[in-house]
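Raw run.tsv, TSV, C-alpha atoms:
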```tsv
chain	number	residue	atom	x	y	z
A	1	MET	CA	0.00	0.00	0.00
A	2	ILE	CA	2.80	2.43	0.89
A	3	GLN	CA	6.15	2.31	-0.92
A	4	ILE	CA	9.07	4.51	0.07
A	5	LYS	CA	12.04	4.41	-2.27
A	6	GLY	CA	15.33	6.19	-1.61
A	7	VAL	CA	13.76	9.21	0.10
A	8	HIS	CA	15.99	12.10	1.11
A	9	LYS	CA	14.86	15.16	3.05
A	10	SER	CA	16.84	18.11	4.40
A	11	PHE	CA	16.06	21.23	6.38
A	12	GLY	CA	18.55	23.73	5.03
A	13	ASN	CA	21.97	22.09	5.27
A	14	VAL	CA	20.79	19.49	7.78
A	15	ALA	CA	19.99	16.09	6.28
A	16	VAL	CA	17.03	14.56	8.14
A	17	LEU	CA	16.25	11.55	5.92
A	18	GLU	CA	19.04	9.87	3.97
A	19	GLY	CA	17.86	7.19	1.59
A	20	ILE	CA	14.82	5.69	3.32
A	21	ASP	CA	13.42	2.49	1.77
A	22	LEU	CA	10.29	0.91	3.25
A	23	GLN	CA	7.28	-1.08	2.09
A	24	VAL	CA	4.05	-1.29	4.07
A	25	HIS	CA	1.44	-3.77	2.93
A	26	SER	CA	-2.31	-3.48	3.38
A	27	GLY	CA	-3.34	-4.46	6.91
A	28	GLU	CA	0.23	-4.27	8.21
A	29	VAL	CA	1.34	-2.43	11.36
A	30	VAL	CA	4.83	-0.92	11.18
A	31	CYS	CA	6.39	0.72	14.23
A	32	LEU	CA	9.19	3.25	13.81
A	33	ILE	CA	11.50	3.51	16.80
A	34	GLY	CA	14.68	5.42	17.49
A	35	PRO	CA	16.08	8.41	19.36
A	36	SER	CA	14.71	11.93	19.05
A	37	GLY	CA	15.90	13.63	15.90
A	38	SER	CA	16.33	10.40	13.94
A	39	GLY	CA	13.76	11.40	11.30
A	40	LYS	CA	10.74	9.34	12.37
A	41	SER	CA	8.18	12.15	12.51
A	42	THR	CA	9.56	13.79	9.38
A	43	LEU	CA	9.09	10.53	7.50
A	44	LEU	CA	5.42	10.40	8.53
A	45	ARG	CA	4.91	14.00	7.43
A	46	CYS	CA	6.45	13.22	4.04
A	47	ILE	CA	4.12	10.23	3.57
A	48	ASN	CA	0.98	12.36	3.73
A	49	GLY	CA	2.47	15.44	2.10
A	50	LEU	CA	2.82	17.73	5.09
A	51	GLU	CA	6.52	17.95	4.16
A	52	SER	CA	8.15	17.77	0.75
A	53	TYR	CA	11.15	15.56	-0.01
A	54	GLU	CA	14.03	16.25	-2.38
A	55	GLN	CA	14.92	12.82	-3.72
A	56	GLY	CA	13.29	9.44	-4.07
A	57	GLU	CA	9.65	8.54	-4.28
A	58	ILE	CA	6.70	7.82	-1.99
A	59	LEU	CA	3.73	5.96	-3.43
A	60	VAL	CA	0.36	5.37	-1.77
A	61	SER	CA	-1.67	2.71	-3.57
A	62	GLY	CA	0.43	3.47	-6.65
A	63	ALA	CA	-0.11	7.26	-6.55
A	64	ARG	CA	2.97	9.43	-6.04
A	65	VAL	CA	2.92	11.71	-3.00
A	66	ASP	CA	3.63	15.24	-4.21
A	67	ARG	CA	2.99	18.07	-1.77
A	68	GLN	CA	2.53	20.54	-4.64
A	69	ALA	CA	0.01	18.43	-6.57
A	70	LYS	CA	-3.71	19.23	-6.50
A	71	SER	CA	-4.34	15.60	-5.57
A	72	ILE	CA	-2.57	15.97	-2.21
A	73	HIS	CA	-5.79	16.97	-0.41
A	74	GLU	CA	-7.54	13.82	-1.63
A	75	LEU	CA	-4.53	11.72	-0.58
A	76	ARG	CA	-4.70	13.12	2.95
A	77	THR	CA	-8.25	11.82	3.25
A	78	ARG	CA	-6.89	8.34	2.41
A	79	VAL	CA	-3.86	8.53	4.71
A	80	ALA	CA	-4.96	10.08	8.00
A	81	MET	CA	-2.58	11.29	10.70
A	82	VAL	CA	-2.85	11.39	14.48
A	83	PHE	CA	-0.40	13.80	16.12
A	84	GLN	CA	1.34	13.99	19.51
A	85	ARG	CA	-0.81	16.99	20.36
A	86	PHE	CA	-4.43	16.32	19.68
A	87	ASN	CA	-5.09	19.37	17.45
A	88	LEU	CA	-8.81	19.38	18.21
A	89	PHE	CA	-10.88	22.49	17.53
A	90	PRO	CA	-11.28	23.93	21.04
A	91	HIS	CA	-14.60	25.62	20.21
A	92	ARG	CA	-16.22	22.43	18.94
A	93	THR	CA	-17.52	19.43	20.86
A	94	ALA	CA	-16.07	15.96	20.43
A	95	LEU	CA	-18.93	15.12	18.07
A	96	GLN	CA	-18.42	18.29	16.03
A	97	ASN	CA	-14.67	17.64	15.79
A	98	VAL	CA	-15.36	14.22	14.31
A	99	THR	CA	-18.00	15.41	11.83
A	100	GLU	CA	-16.01	18.43	10.59
A	101	GLY	CA	-13.90	16.59	8.00
A	102	PRO	CA	-16.63	14.39	6.50
A	103	ILE	CA	-19.04	17.34	6.14
A	104	TYR	CA	-16.70	20.07	4.91
A	105	VAL	CA	-14.00	18.06	3.13
A	106	LYS	CA	-15.82	14.99	1.84
A	107	LYS	CA	-19.17	16.82	1.48
A	108	GLN	CA	-21.10	14.11	3.28
A	109	ASP	CA	-24.70	14.58	4.32
A	110	PRO	CA	-24.60	16.08	7.85
A	111	LYS	CA	-27.08	13.56	9.21
A	112	GLN	CA	-25.04	10.61	7.89
A	113	ALA	CA	-21.82	12.19	9.14
A	114	ARG	CA	-23.31	12.59	12.60
A	115	LEU	CA	-24.50	8.98	12.76
A	116	ARG	CA	-21.05	7.79	11.70
A	117	ALA	CA	-19.35	10.07	14.24
A	118	GLU	CA	-21.57	8.81	17.05
A	119	ALA	CA	-20.66	5.22	16.14
A	120	LEU	CA	-16.95	6.04	16.06
A	121	LEU	CA	-17.06	7.81	19.42
A	122	GLU	CA	-18.77	4.74	20.83
A	123	LYS	CA	-16.02	2.61	19.24
A	124	VAL	CA	-13.32	4.56	21.11
A	125	GLY	CA	-15.30	4.48	24.36
A	126	LEU	CA	-16.53	8.09	24.36
A	127	ALA	CA	-20.20	7.91	23.47
A	128	HIS	CA	-20.98	9.43	26.87
A	129	ARG	CA	-18.67	12.41	26.20
A	130	MET	CA	-19.65	13.31	22.64
A	131	HIS	CA	-21.02	16.73	23.65
A	132	ALA	CA	-18.00	17.67	25.76
A	133	TYR	CA	-15.49	20.30	24.60
A	134	PRO	CA	-11.77	19.46	24.47
A	135	ASP	CA	-10.96	21.38	27.65
A	136	GLU	CA	-13.51	19.20	29.46
A	137	LEU	CA	-11.73	16.01	28.41
A	138	SER	CA	-8.58	14.33	29.69
A	139	GLY	CA	-5.58	14.01	27.41
A	140	GLY	CA	-6.36	10.37	26.76
A	141	GLN	CA	-9.95	11.20	25.88
A	142	GLN	CA	-8.82	13.98	23.53
A	143	GLN	CA	-6.46	11.60	21.76
A	144	ARG	CA	-9.27	9.06	21.37
A	145	VAL	CA	-11.42	11.80	19.81
A	146	ALA	CA	-8.52	12.52	17.45
A	147	ILE	CA	-8.45	8.84	16.46
A	148	ALA	CA	-12.21	8.86	15.87
A	149	ARG	CA	-11.76	12.00	13.75
A	150	ALA	CA	-9.14	10.21	11.64
A	151	LEU	CA	-11.38	7.16	11.21
A	152	ALA	CA	-14.30	9.36	10.13
A	153	MET	CA	-12.50	10.03	6.85
A	154	ASP	CA	-12.50	6.27	6.09
A	155	PRO	CA	-8.74	6.21	5.48
A	156	GLU	CA	-6.78	3.39	3.89
A	157	ALA	CA	-4.03	3.91	6.46
A	158	ILE	CA	-3.38	5.92	9.61
A	159	LEU	CA	-0.06	7.47	10.62
A	160	PHE	CA	0.46	7.87	14.38
A	161	ASP	CA	3.15	10.32	15.50
A	162	GLU	CA	3.98	9.35	19.10
A	163	PRO	CA	0.27	9.39	20.04
A	164	THR	CA	0.90	8.73	23.74
A	165	SER	CA	3.97	10.91	24.36
A	166	ALA	CA	1.95	13.90	25.60
A	167	LEU	CA	-0.15	11.82	28.01
A	168	ASP	CA	0.19	11.14	31.71
A	169	PRO	CA	1.29	7.52	32.23
A	170	GLU	CA	-2.08	6.40	33.58
A	171	LEU	CA	-3.81	7.56	30.37
A	172	VAL	CA	-1.51	5.80	27.91
A	173	GLY	CA	-3.27	2.43	28.18
A	174	GLU	CA	-6.66	3.69	27.03
A	175	VAL	CA	-5.20	5.06	23.79
A	176	LEU	CA	-3.09	1.97	23.12
A	177	ALA	CA	-6.18	-0.20	23.65
A	178	VAL	CA	-7.98	1.62	20.84
A	179	MET	CA	-4.94	1.25	18.58
A	180	ARG	CA	-4.73	-2.48	19.36
A	181	LYS	CA	-8.37	-2.83	18.35
A	182	LEU	CA	-7.68	-1.08	15.04
A	183	ALA	CA	-4.73	-3.38	14.39
A	184	ASP	CA	-6.91	-6.43	15.11
A	185	GLU	CA	-9.45	-5.10	12.60
A	186	GLY	CA	-6.80	-4.88	9.87
A	187	MET	CA	-6.13	-1.15	9.72
A	188	THR	CA	-2.85	-0.31	7.99
A	189	MET	CA	-0.81	1.71	10.48
A	190	ILE	CA	2.62	3.31	10.73
A	191	VAL	CA	3.32	4.21	14.33
A	192	VAL	CA	6.16	6.30	15.74
A	193	THR	CA	6.36	5.13	19.35
A	194	HIS	CA	8.49	4.55	22.41
A	195	GLU	CA	5.97	2.01	23.75
A	196	MET	CA	8.01	-1.12	23.16
A	197	GLY	CA	5.43	-3.47	24.68
A	198	PHE	CA	2.83	-2.21	22.22
A	199	ALA	CA	5.28	-2.51	19.32
A	200	GLN	CA	6.18	-6.08	20.25
A	201	ASP	CA	2.55	-7.18	20.66
A	202	VAL	CA	1.00	-5.41	17.68
A	203	ALA	CA	3.63	-4.60	15.02
A	204	ASP	CA	4.29	-6.83	12.06
A	205	GLN	CA	7.51	-4.95	11.40
A	206	VAL	CA	9.74	-2.68	13.49
A	207	CYS	CA	12.21	-0.24	11.95
A	208	PHE	CA	14.95	1.39	13.99
A	209	LEU	CA	15.99	4.80	12.66
A	210	HIS	CA	19.23	6.58	13.48
A	211	SER	CA	20.50	9.80	11.88
A	212	GLY	CA	17.93	9.68	9.11
A	213	ARG	CA	18.51	6.06	8.11
A	214	ILE	CA	16.79	2.76	8.81
A	215	VAL	CA	19.67	0.83	10.32
A	216	GLU	CA	17.68	-2.25	11.33
A	217	ALA	CA	14.28	-3.61	10.33
A	218	GLY	CA	12.46	-6.89	10.74
A	219	PRO	CA	9.77	-8.77	12.68
A	220	ALA	CA	8.93	-7.04	15.96
A	221	ARG	CA	10.08	-9.82	18.27
A	222	THR	CA	13.37	-10.22	16.42
A	223	VAL	CA	14.28	-6.54	16.43
A	224	LEU	CA	13.12	-5.86	19.98
A	225	SER	CA	14.31	-9.06	21.67
A	226	THR	CA	17.48	-9.88	19.74
A	227	PRO	CA	18.58	-6.74	17.87
A	228	SER	CA	21.66	-7.21	15.71
A	229	HIS	CA	22.80	-3.62	15.17
A	230	PRO	CA	24.85	-2.04	17.99
A	231	ARG	CA	22.87	1.23	17.83
A	232	THR	CA	19.58	-0.66	18.20
A	233	GLN	CA	21.02	-2.59	21.13
A	234	ASP	CA	22.17	0.61	22.82
A	235	PHE	CA	18.80	2.35	22.28
A	236	LEU	CA	16.81	-0.54	23.74
A	237	ARG	CA	19.24	-0.88	26.64
A	238	ARG	CA	18.68	2.78	27.49
A	239	LEU	CA	14.90	2.29	27.41
A	240	LEU	CA	15.18	-0.73	29.68
A	241	ASN	CA	17.24	1.32	32.12
A	242	GLN	CA	14.42	3.87	32.13
A	243	GLY	CA	11.92	1.18	33.05
A	244	THR	CA	10.48	0.31	29.63
A	245	GLU	CA	10.30	-3.46	29.51
A	246	VAL	CA	10.52	-5.61	26.40
A	247	GLN	CA	9.50	-9.19	27.03
A	248	ALA	CA	11.74	-11.86	25.52
```

Please lay out the structure from this file as structure tokens.
Amino acid sequence: MIQIKGVHKSFGNVAVLEGIDLQVHSGEVVCLIGPSGSGKSTLLRCINGLESYEQGEILVSGARVDRQAKSIHELRTRVAMVFQRFNLFPHRTALQNVTEGPIYVKKQDPKQARLRAEALLEKVGLAHRMHAYPDELSGGQQQRVAIARALAMDPEAILFDEPTSALDPELVGEVLAVMRKLADEGMTMIVVTHEMGFAQDVADQVCFLHSGRIVEAGPARTVLSTPSHPRTQDFLRRLLNQGTEVQA
């Protein structure tokens, strides 16, 4: 579904992505791990056209991702993104946040969009909070609204950019539970995360990025339990020392 071939991206004189190659098949969950500044979030932003790239090619279902093309808006409805910060409209309720895209971007009938939004909020466990405004919701609840908003566009794939990093520890589980459910249902997902337990349980493939390159990739249990590259080993050792456990 998503093909990334030799992608390079720089900010000024700073190279952020240096020859990224990656294939993501329909229904696959790929987790991107690595230290801050390794290019993980930039890669996600290139996939759905929020950032341009200088070399290489990104294809989504055979269509080239080109930030300058008129088709980029349609592509973003097919490849949704969930950010670290929830980016909800503060003046709209949870229900209104979820219906906004279908009504104003996809031109859906408002009644149908509302019924779909209600079902999605129930799916993420927030049917009882659909009329609440973002500042009346916890961080975990806001992130679940953001996931429902992404699903409302009926995407082919969802990109998650460290979706739990802004949450208090006790709220992380409720968001990961929703993501596990999506994975079980066959949603194609690329997830930037430091939640190694989630990656090991859910991911089909884990890619470790360092200095803009994928230095190790493979099945989740192989990469996380028996990494072969010294930089991957060092990164996981540091996480373990911080209390993040990876089960063998």

- Give me the residues within 9 Å of Phe198 (chain A) as a ChimeraX atom specification, counting only C-alpha atoms and dropping any in the same chain fewer than 5 places off. /A:176,180,193,203

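The shortest atom-to-atom distance to Pro163 (chain A), with all atoms listed in the file taken into account, belongs to A:Ser41 out of A:Ser41, A:Ser71, A:Ser225, A:Ser61.
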
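Residue nearest Met1 (chain A), chosen from A:Glu156, A:Asp204, A:Glu174, A:Glu57 and counting only C-alpha atoms: A:Glu156.
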
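CA of Val124 (chain A) to CA of Val145 (chain A) spans 7.6 Å [interatomic distance, one decimal].
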
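Across A:Val16, A:Thr188, A:Glu100, A:Gly139, the tightest approach to Asp168 (chain A) is made by A:Gly139 when counting all atoms listed in the file.
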
- Query: Leaving out Ser211 (chain A) and any residue of its chain fewer than 5 positions from it, which residues lie within 8 Å of it when counting only C-alpha atoms, given as a list in words?
  - Reply: Val16, Leu17, Gly37, Ser38 and Gly39 of chain A

Could you write out that same residue set with C-alpha atoms as a short mmCIF file (atom, residue, chain, number, x, y, z; two decimals), keeping the file's coordinate frame?
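The new file out-v8.cif reads:
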```cif
data_model
loop_
_atom_site.label_atom_id
_atom_site.label_comp_id
_atom_site.auth_asym_id
_atom_site.auth_seq_id
_atom_site.Cartn_x
_atom_site.Cartn_y
_atom_site.Cartn_z
CA VAL A 16 17.03 14.56 8.14
CA LEU A 17 16.25 11.55 5.92
CA GLY A 37 15.90 13.63 15.90
CA SER A 38 16.33 10.40 13.94
CA GLY A 39 13.76 11.40 11.30
#
```

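Shell of His73 (chain A) at 12 Å, with only C-alpha atoms counted and residues fewer than 3 places along the chain excluded, is Asn48, Gly49, Leu50, Val65, Asp66, Arg67, Gln68, Ala69, Lys70, Arg76, Thr77, Arg78, Val79, Ala80, Gly101, Val105 and Lys106 of chain A.
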
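Going from CA of Leu120 (chain A) to CA of Gly140 (chain A) covers 15.7 Å.
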
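Minimum atom-to-atom distances from A:Gly19, A:Lys40, A:Ala150, A:Pro110 to Val7 (chain A) were compared using all atoms listed in the file, and the lowest value belongs to A:Gly19.
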
- Task: Determine the nearest neighbour of Glu162 (chain A) from the options A:Arg129, A:Arg114, A:His194, A:Arg213, counting all atoms listed in the file.
- Result: A:His194

- One decimal place gives the CA of Met130 (chain A)-CA of Thr164 (chain A) separation as 21.1 Å

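Distance annotation: of A:Arg45, A:His210, A:Lys5, A:Arg238, the residue with the minimal separation from Ile158 (chain A) is A:Arg45; atom set is all atoms listed in the file.
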
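By all atoms listed in the file, and with residues fewer than 2 positions from Leu32 (chain A) along its chain excluded, the set lying at most 8 Å from it is Val30, Gly34, Lys40, Ile190, Val191, Val192, Thr193, Val206, Cys207, Phe208 and Leu209 of chain A.
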
- Task: Identify the residues within 12 Å of coordinate (-15.5, 23.0, 19.0) (same frame as the file), considering all atoms listed in the file, and give the answer as a PyMOL selection string.
- Result: chain A and resi 87-100+130-136+145

Which polymer residues have any atom within 6 Å of an atom of Gly186 (chain A), counting only C-alpha atoms, with same-chain residues fewer than 2 positions away left out, as a PDB file with C-alpha atoms, in the coordinates of the input?
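Saved as result.pdb:
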```pdb
ATOM      1  CA  GLY A  27      -3.340  -4.460   6.910  1.00  0.00           C
ATOM      2  CA  ALA A 183      -4.730  -3.380  14.390  1.00  0.00           C
ATOM      3  CA  ASP A 184      -6.910  -6.430  15.110  1.00  0.00           C
TER       4      ASP A 184
END
```
